[in-house]
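Below is final14.cif, holding mmCIF, C-alpha atoms.
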data_coords
loop_
_atom_site.group_PDB
_atom_site.id
_atom_site.type_symbol
_atom_site.label_atom_id
_atom_site.label_comp_id
_atom_site.auth_asym_id
_atom_site.auth_seq_id
_atom_site.Cartn_x
_atom_site.Cartn_y
_atom_site.Cartn_z
ATOM 1 C CA MET A 1305 0.000 0.000 0.000
ATOM 2 C CA THR A 1306 1.424 3.345 -1.005
ATOM 3 C CA ASP A 1307 0.778 6.699 0.630
ATOM 4 C CA ALA A 1308 -1.516 9.104 -1.186
ATOM 5 C CA PRO A 1309 0.383 11.828 -3.008
ATOM 6 C CA VAL A 1310 0.740 15.102 -1.132
ATOM 7 C CA PRO A 1311 -0.805 17.964 -3.120
ATOM 8 C CA ASP A 1312 1.504 20.738 -4.220
ATOM 9 C CA PRO A 1313 0.248 23.976 -2.556
ATOM 10 C CA SER A 1314 1.800 26.071 -5.318
ATOM 11 C CA ALA A 1315 -0.418 24.369 -7.891
ATOM 12 C CA TYR A 1316 -3.676 25.593 -6.352
ATOM 13 C CA VAL A 1317 -5.644 28.234 -8.235
ATOM 14 C CA PRO A 1318 -8.724 29.555 -6.383
ATOM 15 C CA PRO A 1319 -11.979 29.140 -8.308
ATOM 16 C CA LYS A 1320 -14.185 32.117 -9.036
ATOM 17 C CA VAL A 1321 -16.756 30.826 -6.515
ATOM 18 C CA TRP A 1322 -15.723 28.771 -3.503
ATOM 19 C CA THR A 1323 -17.618 25.567 -2.769
ATOM 20 C CA TRP A 1324 -17.332 23.434 0.334
ATOM 21 C CA ASN A 1325 -15.419 20.175 0.101
ATOM 22 C CA LYS A 1326 -16.283 18.312 3.272
ATOM 23 C CA GLU A 1327 -13.299 16.012 2.732
ATOM 24 C CA SER A 1328 -10.849 18.896 3.152
ATOM 25 C CA GLY A 1329 -9.808 20.386 6.468
ATOM 26 C CA GLY A 1330 -7.561 17.691 7.868
ATOM 27 C CA ARG A 1331 -8.083 16.665 11.467
ATOM 28 C CA PHE A 1332 -11.212 18.775 11.968
ATOM 29 C CA ALA A 1333 -12.929 18.051 8.659
ATOM 30 C CA SER A 1334 -15.714 16.039 10.279
ATOM 31 C CA ILE A 1335 -16.879 18.870 12.542
ATOM 32 C CA ASN A 1336 -16.319 21.956 10.397
ATOM 33 C CA ARG A 1337 -18.940 23.343 8.054
ATOM 34 C CA PRO A 1338 -19.693 26.693 6.445
ATOM 35 C CA ILE A 1339 -23.140 27.149 8.045
ATOM 36 C CA ALA A 1340 -24.389 27.752 11.584
ATOM 37 C CA GLY A 1341 -27.259 26.273 13.557
ATOM 38 C CA ALA A 1342 -28.085 23.013 15.283
ATOM 39 C CA THR A 1343 -27.648 19.613 13.669
ATOM 40 C CA HIS A 1344 -29.646 17.683 16.253
ATOM 41 C CA GLU A 1345 -31.961 18.112 19.208
ATOM 42 C CA LYS A 1346 -30.288 17.882 22.584
ATOM 43 C CA GLU A 1347 -31.194 19.741 25.749
ATOM 44 C CA LEU A 1348 -28.479 20.976 28.064
ATOM 45 C CA PRO A 1349 -28.353 19.750 31.662
ATOM 46 C CA ILE A 1350 -28.917 22.272 34.447
ATOM 47 C CA GLY A 1351 -27.330 21.931 37.887
ATOM 48 C CA LYS A 1352 -28.072 23.504 41.242
ATOM 49 C CA HIS A 1353 -25.726 26.503 41.186
ATOM 50 C CA PRO A 1354 -26.261 30.087 39.958
ATOM 51 C CA MET A 1355 -23.720 29.699 37.147
ATOM 52 C CA GLN A 1356 -24.033 26.987 34.530
ATOM 53 C CA LEU A 1357 -20.934 26.646 32.379
ATOM 54 C CA TYR A 1358 -20.791 24.514 29.232
ATOM 55 C CA SER A 1359 -17.205 24.118 28.151
ATOM 56 C CA LEU A 1360 -14.032 22.184 27.431
ATOM 57 C CA ALA A 1361 -10.537 22.863 28.824
ATOM 58 C CA THR A 1362 -9.116 24.510 25.726
ATOM 59 C CA PRO A 1363 -7.306 27.813 26.354
ATOM 60 C CA ASN A 1364 -10.599 29.654 25.872
ATOM 61 C CA GLY A 1365 -12.438 27.314 28.211
ATOM 62 C CA VAL A 1366 -9.758 27.638 30.895
ATOM 63 C CA LYS A 1367 -10.328 31.389 31.028
ATOM 64 C CA ALA A 1368 -13.851 30.880 32.356
ATOM 65 C CA THR A 1369 -13.076 28.163 34.895
ATOM 66 C CA VAL A 1370 -10.059 30.042 36.253
ATOM 67 C CA MET A 1371 -12.216 33.145 36.694
ATOM 68 C CA LEU A 1372 -14.943 31.237 38.512
ATOM 69 C CA GLU A 1373 -12.427 29.529 40.796
ATOM 70 C CA GLU A 1374 -10.700 32.866 41.490
ATOM 71 C CA LEU A 1375 -14.036 34.427 42.415
ATOM 72 C CA LEU A 1376 -14.828 31.588 44.802
ATOM 73 C CA ALA A 1377 -11.350 31.827 46.327
ATOM 74 C CA ALA A 1378 -11.975 35.555 46.888
ATOM 75 C CA GLY A 1379 -15.147 34.762 48.826
ATOM 76 C CA HIS A 1380 -17.832 35.403 46.183
ATOM 77 C CA LYS A 1381 -20.243 32.583 46.986
ATOM 78 C CA GLY A 1382 -22.591 33.661 44.207
ATOM 79 C CA ALA A 1383 -20.008 32.409 41.732
ATOM 80 C CA GLU A 1384 -20.694 28.767 42.577
ATOM 81 C CA TYR A 1385 -21.040 26.876 39.357
ATOM 82 C CA ASP A 1386 -21.726 23.639 37.565
ATOM 83 C CA ALA A 1387 -19.323 22.932 34.708
ATOM 84 C CA TRP A 1388 -20.689 20.598 32.052
ATOM 85 C CA LEU A 1389 -18.414 19.025 29.462
ATOM 86 C CA ILE A 1390 -19.027 19.822 25.796
ATOM 87 C CA ARG A 1391 -16.814 17.705 23.583
ATOM 88 C CA ILE A 1392 -15.929 19.261 20.242
ATOM 89 C CA ASP A 1393 -17.058 16.243 18.274
ATOM 90 C CA GLY A 1394 -20.470 17.442 17.166
ATOM 91 C CA ASN A 1395 -21.951 18.057 20.607
ATOM 92 C CA GLN A 1396 -21.421 21.771 20.089
ATOM 93 C CA PHE A 1397 -24.135 21.621 17.441
ATOM 94 C CA GLY A 1398 -26.834 20.323 19.802
ATOM 95 C CA SER A 1399 -29.921 22.537 19.935
ATOM 96 C CA GLY A 1400 -29.494 23.368 23.605
ATOM 97 C CA PHE A 1401 -25.910 24.502 23.228
ATOM 98 C CA VAL A 1402 -26.640 26.484 20.061
ATOM 99 C CA ALA A 1403 -29.378 28.290 21.993
ATOM 100 C CA VAL A 1404 -26.754 29.432 24.518
ATOM 101 C CA ASN A 1405 -24.082 30.157 21.915
ATOM 102 C CA PRO A 1406 -25.288 30.558 18.320
ATOM 103 C CA ASN A 1407 -21.631 30.449 17.263
ATOM 104 C CA SER A 1408 -21.318 26.856 18.581
ATOM 105 C CA LYS A 1409 -18.018 27.522 20.361
ATOM 106 C CA ILE A 1410 -17.025 26.901 23.953
ATOM 107 C CA PRO A 1411 -17.215 28.313 26.564
ATOM 108 C CA ALA A 1412 -20.820 29.371 27.048
ATOM 109 C CA LEU A 1413 -22.383 30.505 30.313
ATOM 110 C CA MET A 1414 -25.931 30.661 31.593
ATOM 111 C CA ASP A 1415 -26.183 33.041 34.545
ATOM 112 C CA ARG A 1416 -29.255 31.841 36.451
ATOM 113 C CA SER A 1417 -28.741 34.030 39.510
ATOM 114 C CA GLY A 1418 -31.510 36.491 38.621
ATOM 115 C CA PRO A 1419 -35.213 36.309 37.835
ATOM 116 C CA GLU A 1420 -34.436 35.609 34.185
ATOM 117 C CA PRO A 1421 -31.484 33.545 32.902
ATOM 118 C CA ILE A 1422 -28.811 35.489 31.030
ATOM 119 C CA ARG A 1423 -26.787 33.793 28.325
ATOM 120 C CA VAL A 1424 -23.192 34.917 27.827
ATOM 121 C CA PHE A 1425 -20.947 33.596 25.065
ATOM 122 C CA GLU A 1426 -17.394 34.416 23.941
ATOM 123 C CA SER A 1427 -14.729 33.917 26.600
ATOM 124 C CA GLY A 1428 -13.855 37.604 26.890
ATOM 125 C CA SER A 1429 -17.507 38.513 27.349
ATOM 126 C CA ILE A 1430 -17.833 35.909 30.107
ATOM 127 C CA LEU A 1431 -14.834 37.394 31.926
ATOM 128 C CA VAL A 1432 -16.244 40.925 31.711
ATOM 129 C CA HIS A 1433 -19.721 39.778 32.769
ATOM 130 C CA LEU A 1434 -18.408 38.037 35.863
ATOM 131 C CA ALA A 1435 -15.933 40.789 36.741
ATOM 132 C CA GLU A 1436 -18.631 43.451 36.623
ATOM 133 C CA LYS A 1437 -21.191 41.287 38.390
ATOM 134 C CA PHE A 1438 -18.923 40.616 41.372
ATOM 135 C CA GLY A 1439 -16.767 43.754 41.244
ATOM 136 C CA ALA A 1440 -13.591 41.707 41.109
ATOM 137 C CA PHE A 1441 -10.444 41.378 38.977
ATOM 138 C CA LEU A 1442 -11.298 44.538 37.044
ATOM 139 C CA PRO A 1443 -9.782 47.874 38.129
ATOM 140 C CA ALA A 1444 -12.354 50.493 39.081
ATOM 141 C CA GLY A 1445 -11.029 53.186 36.771
ATOM 142 C CA GLY A 1446 -8.102 55.165 35.447
ATOM 143 C CA GLN A 1447 -5.147 53.841 33.504
ATOM 144 C CA ALA A 1448 -5.278 50.389 35.137
ATOM 145 C CA ARG A 1449 -8.833 49.796 33.907
ATOM 146 C CA ALA A 1450 -7.921 50.994 30.430
ATOM 147 C CA GLU A 1451 -4.872 48.706 30.381
ATOM 148 C CA CYS A 1452 -6.962 45.757 31.548
ATOM 149 C CA PHE A 1453 -9.466 46.172 28.737
ATOM 150 C CA SER A 1454 -6.757 46.897 26.167
ATOM 151 C CA TRP A 1455 -4.867 43.697 26.956
ATOM 152 C CA LEU A 1456 -8.085 41.684 27.190
ATOM 153 C CA PHE A 1457 -9.122 42.749 23.700
ATOM 154 C CA TRP A 1458 -5.565 42.402 22.460
ATOM 155 C CA GLN A 1459 -5.817 38.743 23.360
ATOM 156 C CA MET A 1460 -9.192 38.296 21.730
ATOM 157 C CA GLY A 1461 -7.790 39.716 18.514
ATOM 158 C CA ALA A 1462 -4.388 38.025 18.745
ATOM 159 C CA ALA A 1463 -5.450 34.466 19.577
ATOM 160 C CA PRO A 1464 -6.711 33.658 16.059
ATOM 161 C CA TYR A 1465 -3.151 34.196 14.812
ATOM 162 C CA LEU A 1466 -1.829 31.829 17.472
ATOM 163 C CA GLY A 1467 -4.546 29.177 17.355
ATOM 164 C CA GLY A 1468 -6.297 29.320 14.015
ATOM 165 C CA GLY A 1469 -3.182 30.494 12.209
ATOM 166 C CA PHE A 1470 0.074 29.209 13.631
ATOM 167 C CA GLY A 1471 -1.381 26.265 15.558
ATOM 168 C CA HIS A 1472 -3.428 25.063 12.623
ATOM 169 C CA PHE A 1473 -0.732 25.218 9.969
ATOM 170 C CA TYR A 1474 2.119 24.055 12.247
ATOM 171 C CA ALA A 1475 0.317 21.203 14.023
ATOM 172 C CA TYR A 1476 -2.953 20.269 12.327
ATOM 173 C CA ALA A 1477 -2.986 21.049 8.608
ATOM 174 C CA PRO A 1478 -2.847 17.921 6.413
ATOM 175 C CA THR A 1479 0.092 19.402 4.489
ATOM 176 C CA LYS A 1480 2.961 21.564 5.749
ATOM 177 C CA ILE A 1481 2.934 24.859 3.896
ATOM 178 C CA GLU A 1482 6.148 26.786 4.474
ATOM 179 C CA TYR A 1483 4.711 30.172 3.617
ATOM 180 C CA ALA A 1484 1.759 29.789 5.998
ATOM 181 C CA ILE A 1485 3.906 28.515 8.885
ATOM 182 C CA ASP A 1486 6.489 31.253 8.384
ATOM 183 C CA ARG A 1487 3.810 33.942 8.171
ATOM 184 C CA PHE A 1488 2.090 32.956 11.390
ATOM 185 C CA ALA A 1489 5.289 32.063 13.277
ATOM 186 C CA MET A 1490 6.554 35.573 12.592
ATOM 187 C CA GLU A 1491 3.343 37.099 13.944
ATOM 188 C CA VAL A 1492 3.263 34.902 17.062
ATOM 189 C CA LYS A 1493 6.874 35.786 17.881
ATOM 190 C CA ARG A 1494 6.004 39.456 17.463
ATOM 191 C CA GLN A 1495 3.116 38.978 19.890
ATOM 192 C CA LEU A 1496 5.406 37.265 22.391
ATOM 193 C CA ASP A 1497 7.760 40.222 22.110
ATOM 194 C CA VAL A 1498 4.859 42.626 22.736
ATOM 195 C CA LEU A 1499 4.020 40.697 25.908
ATOM 196 C CA ASP A 1500 7.617 40.425 27.016
ATOM 197 C CA ARG A 1501 8.157 44.169 26.720
ATOM 198 C CA ARG A 1502 4.992 44.927 28.683
ATOM 199 C CA LEU A 1503 5.915 42.491 31.452
ATOM 200 C CA ALA A 1504 9.469 43.813 31.726
ATOM 201 C CA ASP A 1505 8.212 46.727 33.836
ATOM 202 C CA ASN A 1506 4.880 45.408 35.077
ATOM 203 C CA GLU A 1507 4.086 42.506 37.352
ATOM 204 C CA TYR A 1508 0.809 41.886 35.551
ATOM 205 C CA LEU A 1509 -0.658 43.107 32.280
ATOM 206 C CA ALA A 1510 -2.740 45.893 33.846
ATOM 207 C CA GLY A 1511 0.129 46.926 36.129
ATOM 208 C CA THR A 1512 0.407 45.783 39.735
ATOM 209 C CA GLU A 1513 -2.989 44.089 39.880
ATOM 210 C CA TYR A 1514 -3.934 40.598 38.692
ATOM 211 C CA THR A 1515 -6.974 40.978 36.450
ATOM 212 C CA ILE A 1516 -9.153 39.333 33.844
ATOM 213 C CA ALA A 1517 -6.577 40.419 31.271
ATOM 214 C CA ASP A 1518 -4.075 37.974 32.776
ATOM 215 C CA MET A 1519 -6.756 35.279 32.932
ATOM 216 C CA ALA A 1520 -7.435 35.764 29.227
ATOM 217 C CA VAL A 1521 -3.850 35.857 27.991
ATOM 218 C CA TRP A 1522 -2.276 33.251 30.272
ATOM 219 C CA PRO A 1523 -4.058 30.090 28.992
ATOM 220 C CA TRP A 1524 -2.859 30.829 25.460
ATOM 221 C CA TYR A 1525 0.553 32.419 25.804
ATOM 222 C CA GLY A 1526 1.470 30.794 29.097
ATOM 223 C CA SER A 1527 0.834 27.389 27.550
ATOM 224 C CA LEU A 1528 2.920 28.379 24.555
ATOM 225 C CA ALA A 1529 5.717 29.658 26.808
ATOM 226 C CA LYS A 1530 5.875 26.267 28.516
ATOM 227 C CA GLY A 1531 5.701 24.297 25.276
ATOM 228 C CA VAL A 1532 2.514 22.435 26.157
ATOM 229 C CA ILE A 1533 0.499 23.237 23.027
ATOM 230 C CA TYR A 1534 1.104 22.372 19.390
ATOM 231 C CA GLY A 1535 3.702 19.671 19.849
ATOM 232 C CA GLU A 1536 7.247 20.996 19.623
ATOM 233 C CA SER A 1537 6.142 24.571 18.978
ATOM 234 C CA GLY A 1538 7.968 25.866 22.050
ATOM 235 C CA GLU A 1539 11.347 24.851 20.676
ATOM 236 C CA PHE A 1540 10.356 25.971 17.186
ATOM 237 C CA LEU A 1541 9.537 29.481 18.431
ATOM 238 C CA SER A 1542 12.416 29.683 20.968
ATOM 239 C CA VAL A 1543 9.947 30.616 23.710
ATOM 240 C CA HIS A 1544 12.686 30.412 26.365
ATOM 241 C CA GLU A 1545 13.977 33.726 25.077
ATOM 242 C CA TYR A 1546 10.978 35.623 26.471
ATOM 243 C CA LYS A 1547 12.141 35.809 30.079
ATOM 244 C CA ASN A 1548 9.449 38.165 31.326
ATOM 245 C CA VAL A 1549 6.691 36.049 29.823
ATOM 246 C CA GLN A 1550 8.241 33.027 31.525
ATOM 247 C CA ARG A 1551 8.295 34.806 34.905
ATOM 248 C CA TRP A 1552 4.664 35.920 34.576
ATOM 249 C CA THR A 1553 3.573 32.464 33.392
ATOM 250 C CA ASP A 1554 5.162 30.736 36.386
ATOM 251 C CA GLN A 1555 3.737 33.279 38.817
ATOM 252 C CA ILE A 1556 0.172 32.777 37.652
ATOM 253 C CA ALA A 1557 0.518 28.991 37.434
ATOM 254 C CA LYS A 1558 1.223 28.876 41.191
ATOM 255 C CA ARG A 1559 -2.167 30.345 42.112
ATOM 256 C CA PRO A 1560 -4.379 27.646 43.709
ATOM 257 C CA ALA A 1561 -7.477 28.832 41.839
ATOM 258 C CA VAL A 1562 -5.605 28.618 38.534
ATOM 259 C CA LYS A 1563 -4.524 25.067 39.316
ATOM 260 C CA ARG A 1564 -8.150 24.118 39.973
ATOM 261 C CA GLY A 1565 -9.496 26.010 36.975
ATOM 262 C CA ARG A 1566 -7.135 24.181 34.630
ATOM 263 C CA MET A 1567 -8.519 20.829 35.769
ATOM 264 C CA VAL A 1568 -12.184 21.517 35.042
ATOM 265 C CA ASN A 1569 -13.565 20.008 31.806
ATOM 266 C CA ARG A 1570 -10.108 18.622 30.961
ATOM 267 C CA ILE A 1571 -10.137 15.362 29.001
ATOM 268 C CA SER A 1572 -6.451 14.820 28.251
ATOM 269 C CA GLY A 1573 -3.177 14.449 30.079
ATOM 270 C CA ASP A 1574 -2.634 13.101 33.576
ATOM 271 C CA PRO A 1575 -5.889 11.517 34.859
ATOM 272 C CA ALA A 1576 -5.263 13.203 38.222
ATOM 273 C CA SER A 1577 -5.540 16.584 36.469
ATOM 274 C CA GLN A 1578 -8.840 15.778 34.734
ATOM 275 C CA LEU A 1579 -12.110 16.790 36.344
ATOM 276 C CA HIS A 1580 -14.515 16.177 33.498
ATOM 277 C CA GLU A 1581 -17.415 17.880 35.257
ATOM 278 C CA ARG A 1582 -17.442 20.120 38.301
ATOM 279 C CA HIS A 1583 -20.545 20.413 40.500
ATOM 280 C CA ASP A 1584 -19.049 20.965 43.949
ATOM 281 C CA ALA A 1585 -15.744 22.151 45.393
ATOM 282 C CA SER A 1586 -15.182 18.675 46.822
ATOM 283 C CA ASP A 1587 -15.107 17.214 43.311
ATOM 284 C CA PHE A 1588 -11.426 18.182 43.004
ATOM 285 C CA ASP A 1589 -10.648 15.710 45.785
ATOM 286 C CA THR A 1590 -13.051 12.923 44.891
ATOM 287 C CA LYS A 1591 -13.970 12.926 41.194
ATOM 288 C CA THR A 1592 -10.835 13.365 39.123
ATOM 289 C CA GLN A 1593 -10.345 10.662 36.504
ATOM 290 C CA ASP A 1594 -7.653 8.854 38.467
ATOM 291 C CA LYS A 1595 -10.224 8.314 41.216
ATOM 292 C CA ILE A 1596 -13.320 7.399 39.239
ATOM 293 C CA GLY A 1597 -11.767 6.018 36.044
ATOM 294 C CA GLU A 1598 -14.988 6.392 34.079
ATOM 295 C CA PRO A 1599 -15.603 7.959 30.673
ATOM 296 C CA ALA A 1600 -17.226 11.380 30.728
ATOM 297 C CA LYS A 1601 -20.954 11.628 30.181
ATOM 298 C CA VAL A 1602 -21.880 14.324 27.681
#
Now, as a test, write the supplied structure out as structure tokens.
Amino acid sequence: MTDAPVPDPSAYVPPKVWTWNKESGGRFASINRPIAGATHEKELPIGKHPMQLYSLATPNGVKATVMLEELLAAGHKGAEYDAWLIRIDGNQFGSGFVAVNPNSKIPALMDRSGPEPIRVFESGSILVHLAEKFGAFLPAGGQARAECFSWLFWQMGAAPYLGGGFGHFYAYAPTKIEYAIDRFAMEVKRQLDVLDRRLADNEYLAGTEYTIADMAVWPWYGSLAKGVIYGESGEFLSVHEYKNVQRWTDQIAKRPAVKRGRMVNRISGDPASQLHERHDASDFDTKTQDKIGEPAKV
């Protein structure tokens, strides 16, 4: 049996009108499509707590669980939450999840603390919603507040270059395209340099205060700095050179709430670090995968 020939990227000429080839797309071909909406009927479960989170421990999902755990650690009991696992294998197109997030992306939050439920989707929006609701991890005003929002939205705009651009072409694309990898590697290294320069004179992104900006940036660029996403990307990008990013990454990783937040909805890695669903604070001690050894129920 011989391997299928690898197409020559330089031979491709775009047609006048693009049409969808469901066989293209590499690793994610089976779950990507050019239209929105639900593919099947499936209601979402609802737990007992004010906050109902539907997510997966990708960098975007980790933002939300870290924030919720930080709020609880700071004494905000109203931030108690149920975290339900949404696998990115078609479950994101269930009718219940699409009703919470019409974009079919994790994380999505239903805030059921008031008389009427409030849906919140997009990870940055969830961070702002929770920060304003509890008056926490968001500076009250002045330059610090402006910096917090600037770095938060910097991340929301920058992450597609890191994830959808560099990560896709370096780690997931069915063919290695030198131009695409070089283009996005250059941009990601520029972003790392932006961060490194900011953190040279500031403990955190907004200044001296740990905020939602750090919670947004850390799961993406902290993971990259430690070489734990996209295979050997850390060595490829020489992430060890960004000393200030490394210092900031290590500092945040030591926070107990961050350690807990990283575990929630995680389905890979050390079983002791995987808490597929979180419904009570005690679950971290009793329901990690090394203790229950059962497949997640979605």
Next on the checklist: Could you tell me how far atom CA of A:Asn1548 sits from atom CA of A:Trp1524, in Å to one decimal place?
Outcome noted: 15.5 Å
Next on the checklist: Applying 10 Å and all atoms listed in the file, which residues near A:Glu1536 remain after dropping the ones on its own chain fewer than 5 positions away? List them as a ChimeraX atom specification.
Outcome noted: /A:1474-1475,1528,1531,1541
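Interatomic distance, atom CA of A:Leu1431 to atom CA of A:His1344: 29.2 Å.
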Next on the checklist: Given the PyMOL selection byres ((chain A and resi 1495) around 10) and the file above, list the residues it selects as a ChimeraX atom specification.
Outcome noted: /A:1458-1459,1462-1463,1465-1466,1489-1494,1496-1501,1525
When you look at A:Leu1357 with a cut-off of 9 Å (counting all atoms listed in the file), what residues show up, excluding the ones that are within fewer than 4 positions of it in the same chain? I need them as an mmCIF file with C-alpha atoms, in the frame of the given file.
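Now in result20.cif:
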data_model
loop_
_atom_site.group_PDB
_atom_site.id
_atom_site.type_symbol
_atom_site.label_atom_id
_atom_site.label_comp_id
_atom_site.auth_asym_id
_atom_site.auth_seq_id
_atom_site.Cartn_x
_atom_site.Cartn_y
_atom_site.Cartn_z
ATOM 1 C CA ALA A 1368 -13.851 30.880 32.356
ATOM 2 C CA THR A 1369 -13.076 28.163 34.895
ATOM 3 C CA TYR A 1385 -21.040 26.876 39.357
ATOM 4 C CA ASP A 1386 -21.726 23.639 37.565
ATOM 5 C CA ALA A 1387 -19.323 22.932 34.708
ATOM 6 C CA TRP A 1388 -20.689 20.598 32.052
ATOM 7 C CA LEU A 1389 -18.414 19.025 29.462
ATOM 8 C CA PRO A 1411 -17.215 28.313 26.564
ATOM 9 C CA ALA A 1412 -20.820 29.371 27.048
ATOM 10 C CA LEU A 1413 -22.383 30.505 30.313
ATOM 11 C CA MET A 1414 -25.931 30.661 31.593
ATOM 12 C CA ASP A 1415 -26.183 33.041 34.545
#
Assuming 6 Å of padding per side, give the centre and edge lengths of the axis-aligned box around every listed atom of stretch 1434-1444 of chain A, in Å to one decimal and as AutoDock Vina command-line options.
--center_x -15.5 --center_y 44.3 --center_z 38.6 --size_x 23.4 --size_y 24.5 --size_z 17.5
Next on the checklist: Using all atoms listed in the file, which protein or nucleic acid residues come within 7 Å of stretch 1394-1399 of chain A? Drop anything in the same chain fewer than 6 positions from it, and give the result as JSON, numbers by chain.
Outcome noted: {"A": [1335, 1341, 1342, 1343, 1344, 1345, 1346, 1347, 1408, 1409]}
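When atom CA of A:Glu1539 is paired with atom CA of A:Arg1559, their separation reads 25.9 Å.
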